[in-house]
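The file data-v1.cif comes next; it holds mmCIF, C-alpha atoms.
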```cif
data_model
#
loop_
_atom_site.label_atom_id
_atom_site.label_comp_id
_atom_site.auth_asym_id
_atom_site.auth_seq_id
_atom_site.Cartn_x
_atom_site.Cartn_y
_atom_site.Cartn_z
CA GLU A 1 136.80 103.98 138.26
CA ALA A 2 138.81 101.42 140.25
CA GLN A 3 139.30 98.35 138.13
CA VAL A 4 141.39 95.39 137.09
CA THR A 5 141.61 95.08 133.31
CA GLN A 6 142.50 91.88 131.50
CA ASN A 7 143.20 91.45 127.81
CA PRO A 8 142.22 89.68 125.73
CA ARG A 9 138.82 88.57 127.01
CA TYR A 10 138.73 85.62 124.64
CA LEU A 11 141.47 83.83 122.74
CA ILE A 12 141.59 80.71 120.64
CA THR A 13 145.06 79.58 119.70
CA VAL A 14 147.09 76.50 118.90
CA THR A 15 149.46 74.34 120.89
CA GLY A 16 152.96 75.76 121.24
CA LYS A 17 152.26 79.32 120.16
CA LYS A 18 153.46 81.66 122.88
CA LEU A 19 150.85 83.98 124.30
CA THR A 20 150.58 86.68 126.93
CA VAL A 21 147.52 87.72 128.89
CA THR A 22 147.87 91.21 130.24
CA CYS A 23 146.53 92.46 133.56
CA SER A 24 146.53 96.04 134.74
CA GLN A 25 145.13 97.69 137.87
CA ASN A 26 144.64 101.38 138.58
CA MET A 27 144.37 101.22 142.38
CA ASN A 28 148.08 101.35 143.24
CA HIS A 29 147.77 97.89 144.76
CA GLU A 30 150.87 96.03 145.81
CA TYR A 31 149.45 92.50 145.68
CA MET A 32 148.44 90.90 142.39
CA SER A 33 147.54 87.33 141.55
CA TRP A 34 146.50 85.03 138.72
CA TYR A 35 143.92 82.26 139.03
CA ARG A 36 142.51 79.68 136.71
CA GLN A 37 139.01 78.30 137.00
CA ASP A 38 137.95 74.93 135.70
CA PRO A 39 134.61 73.15 136.12
CA GLY A 40 134.44 71.30 139.42
CA LEU A 41 137.82 72.61 140.60
CA GLY A 42 136.97 76.12 141.70
CA LEU A 43 139.60 78.85 141.61
CA ARG A 44 143.21 77.80 141.77
CA GLN A 45 146.04 80.24 142.25
CA ILE A 46 148.78 80.17 139.61
CA TYR A 47 151.20 82.89 140.72
CA TYR A 48 151.09 85.91 142.95
CA SER A 49 153.18 89.00 143.45
CA MET A 50 153.59 91.02 146.59
CA ASN A 51 155.27 93.96 144.87
CA VAL A 52 157.49 94.92 141.95
CA GLU A 53 160.01 92.18 141.18
CA VAL A 54 158.57 89.93 143.92
CA THR A 55 156.65 86.90 142.66
CA ASP A 56 155.92 83.43 144.02
CA LYS A 57 154.19 80.24 142.98
CA GLY A 58 150.63 79.38 143.78
CA ASP A 59 149.07 75.93 143.58
CA VAL A 60 149.36 75.36 139.82
CA PRO A 61 152.36 77.27 138.41
CA GLU A 62 153.56 74.64 135.91
CA GLY A 63 153.54 75.90 132.34
CA TYR A 64 153.15 79.56 133.28
CA LYS A 65 155.45 82.51 133.81
CA VAL A 66 154.78 85.93 135.26
CA SER A 67 156.65 89.18 135.64
CA ARG A 68 156.11 92.30 137.73
CA LYS A 69 158.25 95.07 136.32
CA GLU A 70 155.74 97.79 137.14
CA LYS A 71 153.34 98.02 140.04
CA ARG A 72 150.23 98.28 137.89
CA ASN A 73 150.93 95.39 135.47
CA PHE A 74 151.16 91.65 136.01
CA PRO A 75 151.19 89.73 132.73
CA LEU A 76 150.68 85.97 132.54
CA ILE A 77 152.87 84.25 129.96
CA LEU A 78 152.29 80.84 128.42
CA GLU A 79 155.56 80.04 126.63
CA SER A 80 154.32 76.85 124.99
CA PRO A 81 150.58 76.49 125.59
CA SER A 82 149.02 73.06 125.70
CA PRO A 83 145.37 71.96 125.57
CA ASN A 84 145.30 71.32 129.34
CA GLN A 85 145.74 75.06 129.83
CA THR A 86 142.37 75.70 128.25
CA SER A 87 140.58 77.49 131.05
CA LEU A 88 139.04 80.69 132.37
CA TYR A 89 141.69 82.95 133.86
CA PHE A 90 141.26 85.73 136.40
CA CYS A 91 143.65 88.40 137.53
CA ALA A 92 143.13 90.03 140.92
CA SER A 93 144.72 92.72 143.07
CA SER A 94 144.55 93.93 146.64
CA PHE A 95 146.13 96.74 148.60
CA GLN A 96 148.94 94.83 150.30
CA ASP A 97 147.72 91.45 151.40
CA GLY A 98 146.06 88.79 149.31
CA LYS A 99 144.90 86.84 152.33
CA ASN A 100 143.48 89.39 154.71
CA GLN A 101 142.35 92.19 152.43
CA PRO A 102 139.66 92.05 149.75
CA GLN A 103 140.83 91.14 146.28
CA HIS A 104 139.44 92.94 143.23
CA PHE A 105 139.03 90.68 140.23
CA GLY A 106 139.09 91.33 136.52
CA ASP A 107 136.35 90.11 134.18
CA GLY A 108 138.29 87.07 133.09
CA THR A 109 140.05 85.73 130.00
CA ARG A 110 138.72 82.62 128.34
CA LEU A 111 141.57 80.72 126.66
CA SER A 112 141.06 77.83 124.28
CA ILE A 113 144.17 75.99 123.15
CA LEU A 114 143.67 73.57 120.30
CA LEU B 1 147.89 73.26 154.60
CA ALA B 2 144.93 75.54 155.14
CA LYS B 3 142.02 74.11 153.20
CA THR B 4 138.36 75.00 153.13
CA THR B 5 135.37 72.71 152.80
CA GLN B 6 131.93 73.90 151.79
CA PRO B 7 128.73 72.22 150.64
CA ILE B 8 128.71 71.83 146.89
CA SER B 9 125.24 73.24 146.40
CA MET B 10 122.18 74.61 148.20
CA ASP B 11 118.67 75.54 147.18
CA SER B 12 116.53 78.18 148.85
CA TYR B 13 113.22 79.90 148.23
CA GLU B 14 113.05 83.61 147.70
CA GLY B 15 112.69 85.59 150.91
CA GLN B 16 114.34 83.00 153.12
CA GLU B 17 117.54 83.37 155.09
CA VAL B 18 120.41 81.27 153.76
CA ASN B 19 123.34 80.07 155.83
CA ILE B 20 126.43 78.65 154.14
CA THR B 21 129.07 77.09 156.36
CA CYS B 22 132.75 76.75 155.57
CA SER B 23 135.14 74.50 157.44
CA HIS B 24 138.75 75.63 157.81
CA ASN B 25 140.31 73.45 160.50
CA ASN B 26 143.90 74.59 159.96
CA ILE B 27 143.40 78.33 159.77
CA ALA B 28 146.45 80.26 160.92
CA THR B 29 146.27 82.46 163.99
CA ASN B 30 146.59 85.74 162.10
CA ASP B 31 144.44 84.93 159.08
CA TYR B 32 141.05 86.38 158.30
CA ILE B 33 138.13 84.62 156.65
CA THR B 34 136.85 86.18 153.46
CA TRP B 35 133.77 85.38 151.38
CA TYR B 36 133.28 86.10 147.70
CA GLN B 37 130.31 85.86 145.35
CA GLN B 38 130.66 84.86 141.71
CA PHE B 39 128.12 85.05 138.90
CA PRO B 40 128.65 83.00 135.71
CA SER B 41 131.42 84.33 133.47
CA GLN B 42 132.30 87.11 135.92
CA GLY B 43 135.13 87.56 138.38
CA PRO B 44 134.47 86.92 142.07
CA ARG B 45 133.25 89.87 144.09
CA PHE B 46 134.10 90.54 147.73
CA ILE B 47 131.16 90.16 150.12
CA ILE B 48 132.42 90.18 153.69
CA GLN B 49 135.46 89.50 155.84
CA GLY B 50 135.97 88.72 159.49
CA TYR B 51 138.41 87.48 162.10
CA LYS B 52 136.20 86.39 164.99
CA THR B 53 132.68 86.63 166.44
CA LYS B 54 130.21 88.39 164.15
CA VAL B 55 130.56 90.85 161.30
CA THR B 56 127.64 92.45 159.49
CA ASN B 57 127.44 94.70 156.46
CA GLU B 58 124.68 95.80 154.13
CA VAL B 59 124.49 92.50 152.27
CA ALA B 60 125.49 89.71 154.68
CA SER B 61 126.55 88.59 158.12
CA LEU B 62 129.50 86.41 159.00
CA PHE B 63 129.54 84.27 162.12
CA ILE B 64 132.84 82.88 163.41
CA PRO B 65 132.97 80.67 166.52
CA ALA B 66 135.68 81.09 169.14
CA ASP B 67 137.81 78.23 167.78
CA ARG B 68 137.68 79.77 164.27
CA LYS B 69 137.65 76.34 162.65
CA SER B 70 134.53 77.22 160.71
CA SER B 71 132.52 80.22 159.60
CA THR B 72 128.96 80.79 158.42
CA LEU B 73 127.89 83.27 155.80
CA SER B 74 124.31 84.41 156.34
CA LEU B 75 122.31 86.02 153.54
CA PRO B 76 119.05 87.53 154.79
CA ARG B 77 115.93 87.29 152.64
CA VAL B 78 117.54 86.05 149.43
CA SER B 79 116.23 87.04 146.02
CA LEU B 80 116.68 85.47 142.60
CA SER B 81 119.64 87.76 141.98
CA ASP B 82 121.52 86.04 144.82
CA THR B 83 121.80 82.89 142.71
CA ALA B 84 125.57 82.51 142.42
CA VAL B 85 128.57 80.56 143.66
CA TYR B 86 129.89 81.58 147.08
CA TYR B 87 133.53 81.02 148.01
CA CYS B 88 135.15 80.98 151.40
CA LEU B 89 138.82 82.00 151.42
CA VAL B 90 141.55 81.70 154.01
CA GLY B 91 145.30 82.06 153.74
CA ASP B 92 147.60 79.17 152.99
CA THR B 93 150.40 80.20 155.31
CA PRO B 94 152.41 76.96 155.36
CA GLY B 95 152.45 76.98 151.57
CA GLY B 96 153.61 80.55 151.15
CA TYR B 97 153.37 83.82 152.98
CA GLN B 98 150.71 85.26 150.72
CA LYS B 99 149.43 82.16 149.00
CA VAL B 100 145.68 81.78 149.15
CA THR B 101 143.40 78.81 148.66
CA PHE B 102 139.84 79.08 147.47
CA GLY B 103 137.50 76.20 148.13
CA THR B 104 135.37 74.72 145.36
CA GLY B 105 132.54 77.00 146.36
CA THR B 106 128.84 76.56 147.14
CA LYS B 107 126.41 76.96 144.29
CA LEU B 108 123.30 78.66 145.66
CA GLN B 109 120.14 78.37 143.62
CA VAL B 110 117.31 80.66 144.69
CA ILE B 111 113.89 79.37 143.69
CA PRO B 112 110.90 81.63 143.06
#
```
Go ahead and render the structure in this file as structure tokens.
Amino acid sequence: EAQVTQNPRYLITVTGKKLTVTCSQNMNHEYMSWYRQDPGLGLRQIYYSMNVEVTDKGDVPEGYKVSRKEKRNFPLILESPSPNQTSLYFCASSFQDGKNQPQHFGDGTRLSIL
Amino acid sequence: LAKTTQPISMDSYEGQEVNITCSHNNIATNDYITWYQQFPSQGPRFIIQGYKTKVTNEVASLFIPADRKSSTLSLPRVSLSDTAVYYCLVGDTPGGYQKVTFGTGTKLQVIP
């Protein structure tokens, strides 16, 4: 089954403790992206990647890092999480183009940073 | 900066046709318009995509005028299960080649 898998689904942690949210897709997609969703603000893009070793900033990249060492994986790294990064996070992928081709989304990761 | 504007919310009775309009005044020449549906605590799901005129699939129609500065998602005969948030998406070409910008979405409430 074609899918985007995020882990963990839920995480409660404390300020400053490094964490990684994994994202994996099994569709051989080139484009992958991370979004955060906050009440009243919709979906905001954090980072995106057009292929292995090619990443770029979205609208809200501060406080986040990403890497794309393999085509299928696109982890989101919070080196020193802060409470303002408490949010619902989504990973997505599409064949080649995040703008003009449908994106497939994961089920989300709810992060709470105390 | 390509930005989309949609109504914050809409209500509709079951069985009616619902039209949700999105404004995207600065859409780039080569960019498509894509609509997604999102249920609470789930990831958005692709509904329909178009470039110009009219596109129809099994769940919706998308109307795009010649100037492409807006688009209208049409949901025929909505049911309670269509209660969701609907997002219009266009590219954000000046901000980055593959950067995308979602609007804040339209929350559709279908009433029995």
- Note on the structure: Judged by all atoms listed in the file, the minimum distance to A:Ser80 among A:Thr15, A:Asn100, A:Asn26, A:Ser67 is found for A:Thr15
- Between B:Asp67, B:Asp31, B:Asp82, B:Glu58, which one has atoms that come closest to chain A, using all atoms listed in the file? B:Asp31
If you take all atoms listed in the file and a cut-off of 10 Å, which residues of chain B touch chain A, and what are their nearest atom pairs and distances in Å to one decimal, in chain and number order, as a tab-separated table?
```
residue	atom	partner	partner_atom	distance
B:Ile8	CA	A:Gly40	CA	9.4
B:Asn30	CA	A:Asn100	CA	8.8
B:Asp31	CA	A:Asn100	CA	6.3
B:Tyr32	CA	A:Asn100	CA	5.3
B:Ile33	CA	A:Asn100	CA	7.4
B:Thr34	CA	A:Asn100	CA	7.5
B:Trp35	CA	A:Pro102	CA	9.0
B:Tyr36	CA	A:Pro102	CA	9.0
B:Ser41	CA	A:Gly108	CA	7.4
B:Gln42	CA	A:Asp107	CA	5.3
B:Gly43	CA	A:Asp107	CA	5.1
B:Pro44	CA	A:Phe105	CA	6.2
B:Arg45	CA	A:His104	CA	7.0
B:Phe46	CA	A:Pro102	CA	6.1
B:Ile47	CA	A:Pro102	CA	8.7
B:Ile48	CA	A:Pro102	CA	8.5
B:Gln49	CA	A:Pro102	CA	7.8
B:Gly50	CA	A:Asn100	CA	8.9
B:Tyr51	CA	A:Asn100	CA	9.2
B:Val85	CA	A:Gly42	CA	9.7
B:Tyr87	CA	A:Gly42	CA	8.7
B:Leu89	CA	A:Lys99	CA	7.8
B:Val90	CA	A:Lys99	CA	6.4
B:Gly91	CA	A:Lys99	CA	5.0
B:Asp92	CA	A:Lys99	CA	8.2
B:Thr93	CA	A:Lys99	CA	9.1
B:Gly95	CA	A:Gly58	CA	8.4
B:Gly96	CA	A:Asp56	CA	8.0
B:Tyr97	CA	A:Lys99	CA	9.0
B:Gln98	CA	A:Gly98	CA	6.0
B:Lys99	CA	A:Gly58	CA	6.0
B:Val100	CA	A:Lys99	CA	6.0
B:Thr101	CA	A:Arg44	CA	7.0
B:Phe102	CA	A:Leu43	CA	5.9
B:Gly103	CA	A:Gly42	CA	6.5
B:Thr104	CA	A:Gly42	CA	4.2
B:Gly105	CA	A:Gly42	CA	6.5
B:Thr106	CA	A:Gly42	CA	9.8
```
- Message: I need the output of the PyMOL selection byres ((chain B and resi 69) around 7) for this file as number ranges by chain; which residues are they?
- Response: B: 23-25, 27, 67-68, 70
Using the chain letters and numbering of this document, enumerate as a PDB file with C-alpha atoms, keeping the file's coordinate frame the residues selected by the PyMOL selection byres ((chain A and resi 18) around 6).
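Contents of part-v6.pdb, freshly written:
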```
ATOM      1  CA  LYS A  17     152.260  79.320 120.160  1.00  0.00           C
ATOM      2  CA  LEU A  19     150.850  83.980 124.300  1.00  0.00           C
ATOM      3  CA  LEU A  78     152.290  80.840 128.420  1.00  0.00           C
ATOM      4  CA  GLU A  79     155.560  80.040 126.630  1.00  0.00           C
ATOM      5  CA  SER A  80     154.320  76.850 124.990  1.00  0.00           C
TER       6      SER A  80
END
```
- Quick one: residues within 9 Å of A:Thr20, only C-alpha atoms counted, chain neighbours fewer than 4 positions away excluded, as a VMD selection string? chain A and resid 7 to 8 75 to 79
- Item | Given only C-alpha atoms as the counted atoms, nearest of B:Ala60, B:Val110, B:Cys22, B:Cys88 to B:Leu75 | B:Ala60
- Taking into account only C-alpha atoms, which residue in the set B:Ser79, B:Ser61, B:Thr53, B:Gln38 is nearest to B:Asp11?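 For B:Asp11, the nearest of the given residues is B:Ser79.
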- Selection near B:Ser12, 9 Å with only C-alpha atoms, sequence-local residues under 5 positions removed, as a ChimeraX atom specification: /B:17-18,78,108-112
- Atomic distance atom CA of A:Lys71 - atom CA of A:His29, expressed in Å with one decimal: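 So the answer is 7.3 Å.
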- Task: List the residues selected by the PyMOL selection byres ((chain A and resi 83) around 6) in the file shown, writing them as JSON, numbers by chain.
- Result: {"A": [82, 84, 85, 86, 113, 114]}
